[in-house]
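Presented below is the structure to which this report refers.
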Amino acid sequence: MTKTILSLLFITTISMAQTGLVTQKAMVVSAREEASKIGSDIMLHGGNAFDAMVATELALAVAYPYAGNLGGGGFMVYRKANGKTGSLDYREKAPLAATKNMYLDENGNVIPGKSTESAFAVGIPGTIAGMFEVHKKFGSLPIAILLKPVIALAEKGVVVTENQWKQINDHKAAIVRLSGDQTLFAKDYKVGDIIKYPALAETLKRISKNGRDEFYKGETAKKLVAYLQQKGGIITLKDLSKYQAIWRKPITFKYRNLQIVSMAPPSSGGICLAQILKMIEPFEVAKLGHNSPKYIQLLTEAERRSYADRNFYLGDPDFVKIPQTQLLDPEYLKQRMSDFTFEKATKSADIAKGKITFSESNETTHYSIVDSKGNAVAATTTLNGAFGSKLYCDELGFFLNNEMDDFSSKPGTTNSYGLVGAEANAIAPQKRMLSSMTPTIVEKNGKLLMVLGTPGGSTIITSVLQTILNVTEFNMTMQNAVDAPRFHHQWLPDDISFEPKRFPEETTETLIQKGYKINEKNWPIIGKVDAILVLPEGRREAGADHRGDDKACGF
Ligand code: DON
């Protein structure tokens, strides 16, 4: 009886079509209203989606210090109104003094915390380089105009929401341990308090005045290096001055009548998304039913096989040869699924990386933007962990990342997201650590259809996947697609993670009978997607994830 009621409740929740904010021309969807509003206003005053990106990204550093950053990095995929696509890699890099075994003790074991909560955990930040690169190539308004509202927000301050209060409290002990009891986030904030960021405002003013070099060579660079060295870190001025963001060719592929554009290595996002969608394409996905046991099985088995490849073959393309063509070869992917059956679960222990022969010649936030001309930007940016390394440089007003943990510290051992890695993602000086970030753009009939992405570590890829399928296979609105319950499998550990209390018991029971292990407790969040759907008549519909304070603004 209770089961039936639960199922009915569940079905009702799913079938209520709820539309997100709909606007005529332009829209920004991000983790905080303050940031979305700043980006949207930039477009209202004549800026394009790329101008809005610079303002939104830096506004998130103010309004969402949990992941928004100056001390981290990210990836951006774009599609211009004329249909041209591309992507920017502003991922952090390992310092020159980094070594393969820098997180291991004398017995070769990983030293707990060294790659996550220490100055050693910090990769060379890429965000400011990324923003200036975007601005140089596509910006239409002066940098000073783009930074003005961001600086004003830092000076005026940002209200502490319930979610932010929880984030600060959950991590306060670690922040104090790393950054001292006088640091800005050591104070006892209440919901509704306003936190002002005067030091960050000053840093942004210098960057606005002196440009990119202020962060990589100027006063800010010197202060940052002094701070990190005093904390025992290894980043030098030479590391900062050598940093470059890189324009990369995105991963593009077809899924049915869609053309998908996503991030190439050093993110695994695009390749894994392509592999999974290509593996499920031969099946009648929509007929399986949304979140039905069979649907969950199909996605799980494709995910399992793709993540096994990810962990072995993927890393920084500037350092390792990635067999991209082979990994995306339709014959290879067909072969990979040839042992799949709906009867019972495959065991991850029986799945290794696919056999590929190739000649020699391993806490985040996302925002989506569409401007009135139809230029689109999908950008995911991160400090890695919540508040990154928890090192807050009070003098400069921002947190430093702990992105070095995304490297494979030791083949076969797991990182913060339970991902195992191999040689391809081993640490080397100046190398970029493998990422799962998946900023993605979807086209249909040669036109822009969707802009999306999400935080969530290893769950990023599968959250983007499910959101695309929710719209294109199950005809959900953008908001419903973003809010729908999600699940995740990443090869190892060999279990399916479900959002707690959002799947009917019959579903998980059916899967258990087929040999699947179920995990309903480990993940507080499987993705927090911010997306925009272009409706048939051209209006833009937002999907701002209800799991956070995420909000759309536009006109
Ligand atoms: O690049 C990556 O894959 C990770 N550093 C992303 C971290 C993340 O999404 C944390 N957010 N929940």
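In the structure tokens, the first chain shown is A, the next is B, and so on; residue numbers restart at 1 for each chain, and ligands run from 1 in the order shown.
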
Listing only residues of chain A within 8 Å of ligand 1, what is the closest atom pair and its distance in Å (to one decimal) for each, using only C-alpha atoms and all ligand atoms, sorted by chain and residue number ascending, as JSON lines?
{"residue": "A:Ala67", "atom": "CA", "partner": "ligand 1", "partner_atom_place_in_ligand_line": "11 (N)", "distance": 7.6}
{"residue": "A:Gly74", "atom": "CA", "partner": "ligand 1", "partner_atom_place_in_ligand_line": "1 (O)", "distance": 7.7}
{"residue": "A:Ser267", "atom": "CA", "partner": "ligand 1", "partner_atom_place_in_ligand_line": "1 (O)", "distance": 7.1}
{"residue": "A:Glu363", "atom": "CA", "partner": "ligand 1", "partner_atom_place_in_ligand_line": "10 (C)", "distance": 2.9}
{"residue": "A:Thr364", "atom": "CA", "partner": "ligand 1", "partner_atom_place_in_ligand_line": "11 (N)", "distance": 4.1}
{"residue": "A:Thr365", "atom": "CA", "partner": "ligand 1", "partner_atom_place_in_ligand_line": "11 (N)", "distance": 6.9}
{"residue": "A:Thr382", "atom": "CA", "partner": "ligand 1", "partner_atom_place_in_ligand_line": "7 (C)", "distance": 6.2}
{"residue": "A:Leu383", "atom": "CA", "partner": "ligand 1", "partner_atom_place_in_ligand_line": "5 (N)", "distance": 6.8}
{"residue": "A:Asn384", "atom": "CA", "partner": "ligand 1", "partner_atom_place_in_ligand_line": "5 (N)", "distance": 3.8}
{"residue": "A:Gly385", "atom": "CA", "partner": "ligand 1", "partner_atom_place_in_ligand_line": "10 (C)", "distance": 5.5}
{"residue": "A:Ala386", "atom": "CA", "partner": "ligand 1", "partner_atom_place_in_ligand_line": "10 (C)", "distance": 6.9}
{"residue": "A:Glu403", "atom": "CA", "partner": "ligand 1", "partner_atom_place_in_ligand_line": "5 (N)", "distance": 5.8}
{"residue": "A:Asp405", "atom": "CA", "partner": "ligand 1", "partner_atom_place_in_ligand_line": "5 (N)", "distance": 7.9}
{"residue": "A:Asp406", "atom": "CA", "partner": "ligand 1", "partner_atom_place_in_ligand_line": "5 (N)", "distance": 6.0}
{"residue": "A:Met433", "atom": "CA", "partner": "ligand 1", "partner_atom_place_in_ligand_line": "1 (O)", "distance": 7.8}
{"residue": "A:Leu434", "atom": "CA", "partner": "ligand 1", "partner_atom_place_in_ligand_line": "1 (O)", "distance": 6.7}
{"residue": "A:Ser435", "atom": "CA", "partner": "ligand 1", "partner_atom_place_in_ligand_line": "1 (O)", "distance": 3.6}
{"residue": "A:Ser436", "atom": "CA", "partner": "ligand 1", "partner_atom_place_in_ligand_line": "3 (O)", "distance": 3.6}
{"residue": "A:Met437", "atom": "CA", "partner": "ligand 1", "partner_atom_place_in_ligand_line": "3 (O)", "distance": 5.0}
{"residue": "A:Thr454", "atom": "CA", "partner": "ligand 1", "partner_atom_place_in_ligand_line": "9 (O)", "distance": 7.4}
{"residue": "A:Pro455", "atom": "CA", "partner": "ligand 1", "partner_atom_place_in_ligand_line": "9 (O)", "distance": 3.9}
{"residue": "A:Gly456", "atom": "CA", "partner": "ligand 1", "partner_atom_place_in_ligand_line": "12 (N)", "distance": 3.4}
{"residue": "A:Gly457", "atom": "CA", "partner": "ligand 1", "partner_atom_place_in_ligand_line": "9 (O)", "distance": 3.4}
{"residue": "A:Ser458", "atom": "CA", "partner": "ligand 1", "partner_atom_place_in_ligand_line": "3 (O)", "distance": 6.0}
{"residue": "A:Thr459", "atom": "CA", "partner": "ligand 1", "partner_atom_place_in_ligand_line": "9 (O)", "distance": 7.8}
{"residue": "A:Ile460", "atom": "CA", "partner": "ligand 1", "partner_atom_place_in_ligand_line": "9 (O)", "distance": 6.6}
{"residue": "A:Ile525", "atom": "CA", "partner": "ligand 1", "partner_atom_place_in_ligand_line": "12 (N)", "distance": 7.8}
{"residue": "A:Gly527", "atom": "CA", "partner": "ligand 1", "partner_atom_place_in_ligand_line": "12 (N)", "distance": 7.1}

Nearby residues (only C-alpha atoms) at most 12 Å from A:Tyr332, same-chain spacing under 2 positions excluded, as a PyMOL selection string: chain A and resi 275+278-279+305-306+309+323-330+334-338+353-357

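Compared by their closest atoms to A:Asp549, and using only C-alpha atoms, the residues A:Lys514, A:Lys287, A:Arg177, A:Lys528 rank with A:Lys528 nearest.
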
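Using only C-alpha atoms, the protein and nucleic acid residues lying no more than 12 Å from A:Asn210, apart from those fewer than 6 places from it along its own chain, are Phe132, Ile143, Ala144, Thr203, Leu204, Tyr216, Lys217, Gly218, Glu219 and Thr220 of chain A.
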
List every residue of stretch 42-119 of chain A that DSSP, applied to the backbone, labels as strand (DSSP E or B), and write the result as a list of chain:residue names. A:Gly73, A:Gly74, A:Phe75, A:Met76, A:Val77, A:Tyr78, A:Arg79, A:Thr85, A:Gly86, A:Ser87, A:Leu88, A:Asp89, A:Tyr90, A:Lys93, A:Leu104, A:Val110

I'd like to know which of A:Pro293, A:Phe555, A:Gln466, A:Ala481 is closest to A:Glu505, using only C-alpha atoms.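 Using only C-alpha atoms, A:Glu505 sits closest to A:Pro293.
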
Compile a residue-level contact table for stretch 86-129 of chain A against stretch 414-427 of chain A at a cut-off of 8 Å, reporting for every qualifying residue the shortest atom pair and its distance in Å to one decimal, with only C-alpha atoms counted, rows ordered by chain and ascending number, as a Markdown table.
| residue | atom | partner | partner_atom | distance |
| --- | --- | --- | --- | --- |
| A:Ala94 | CA | A:Ile427 | CA | 7.3 |
| A:Ala98 | CA | A:Ile427 | CA | 7.2 |
| A:Thr99 | CA | A:Ile427 | CA | 6.2 |
| A:Lys100 | CA | A:Ile427 | CA | 4.6 |
| A:Asn101 | CA | A:Ile427 | CA | 7.6 |

Show me, as JSON, numbers by chain, the residues that have an atom within 6 Å of A:Gly126 when counting only C-alpha atoms, minus same-chain residues fewer than 2 positions from it. {"A": [73, 90, 91, 92, 128, 129]}

Could you write out the selected residues, including C-alpha atoms, as an mmCIF file, in the first residue's frame?
data_model
loop_
_atom_site.group_PDB
_atom_site.id
_atom_site.type_symbol
_atom_site.label_atom_id
_atom_site.label_comp_id
_atom_site.auth_asym_id
_atom_site.auth_seq_id
_atom_site.Cartn_x
_atom_site.Cartn_y
_atom_site.Cartn_z
ATOM 1 C CA GLY A 73 40.246 27.209 -13.341
ATOM 2 C CA TYR A 90 41.704 27.521 -18.541
ATOM 3 C CA ARG A 91 42.378 24.514 -16.343
ATOM 4 C CA GLU A 92 45.015 24.727 -13.613
ATOM 5 C CA ILE A 128 41.998 35.216 -14.910
ATOM 6 C CA ALA A 129 43.990 34.075 -17.965
#

Using only C-alpha atoms, which of A:Ala55, A:Ile441, A:Leu449, A:Leu492 sits nearest A:Lys347? A:Leu492

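Interatomic distance, atom CA of A:Leu178 against atom CA of A:Ala119: 8.9 Å.
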
Could you pull out all residues of stretch 251-483 of chain A with a DSSP call of helix (DSSP H, G or I) and give them as number ranges by chain? A: 269-280, 285-288, 293-313, 324-327, 330-336, 348-350, 403-406, 423-425, 457-472, 478-483
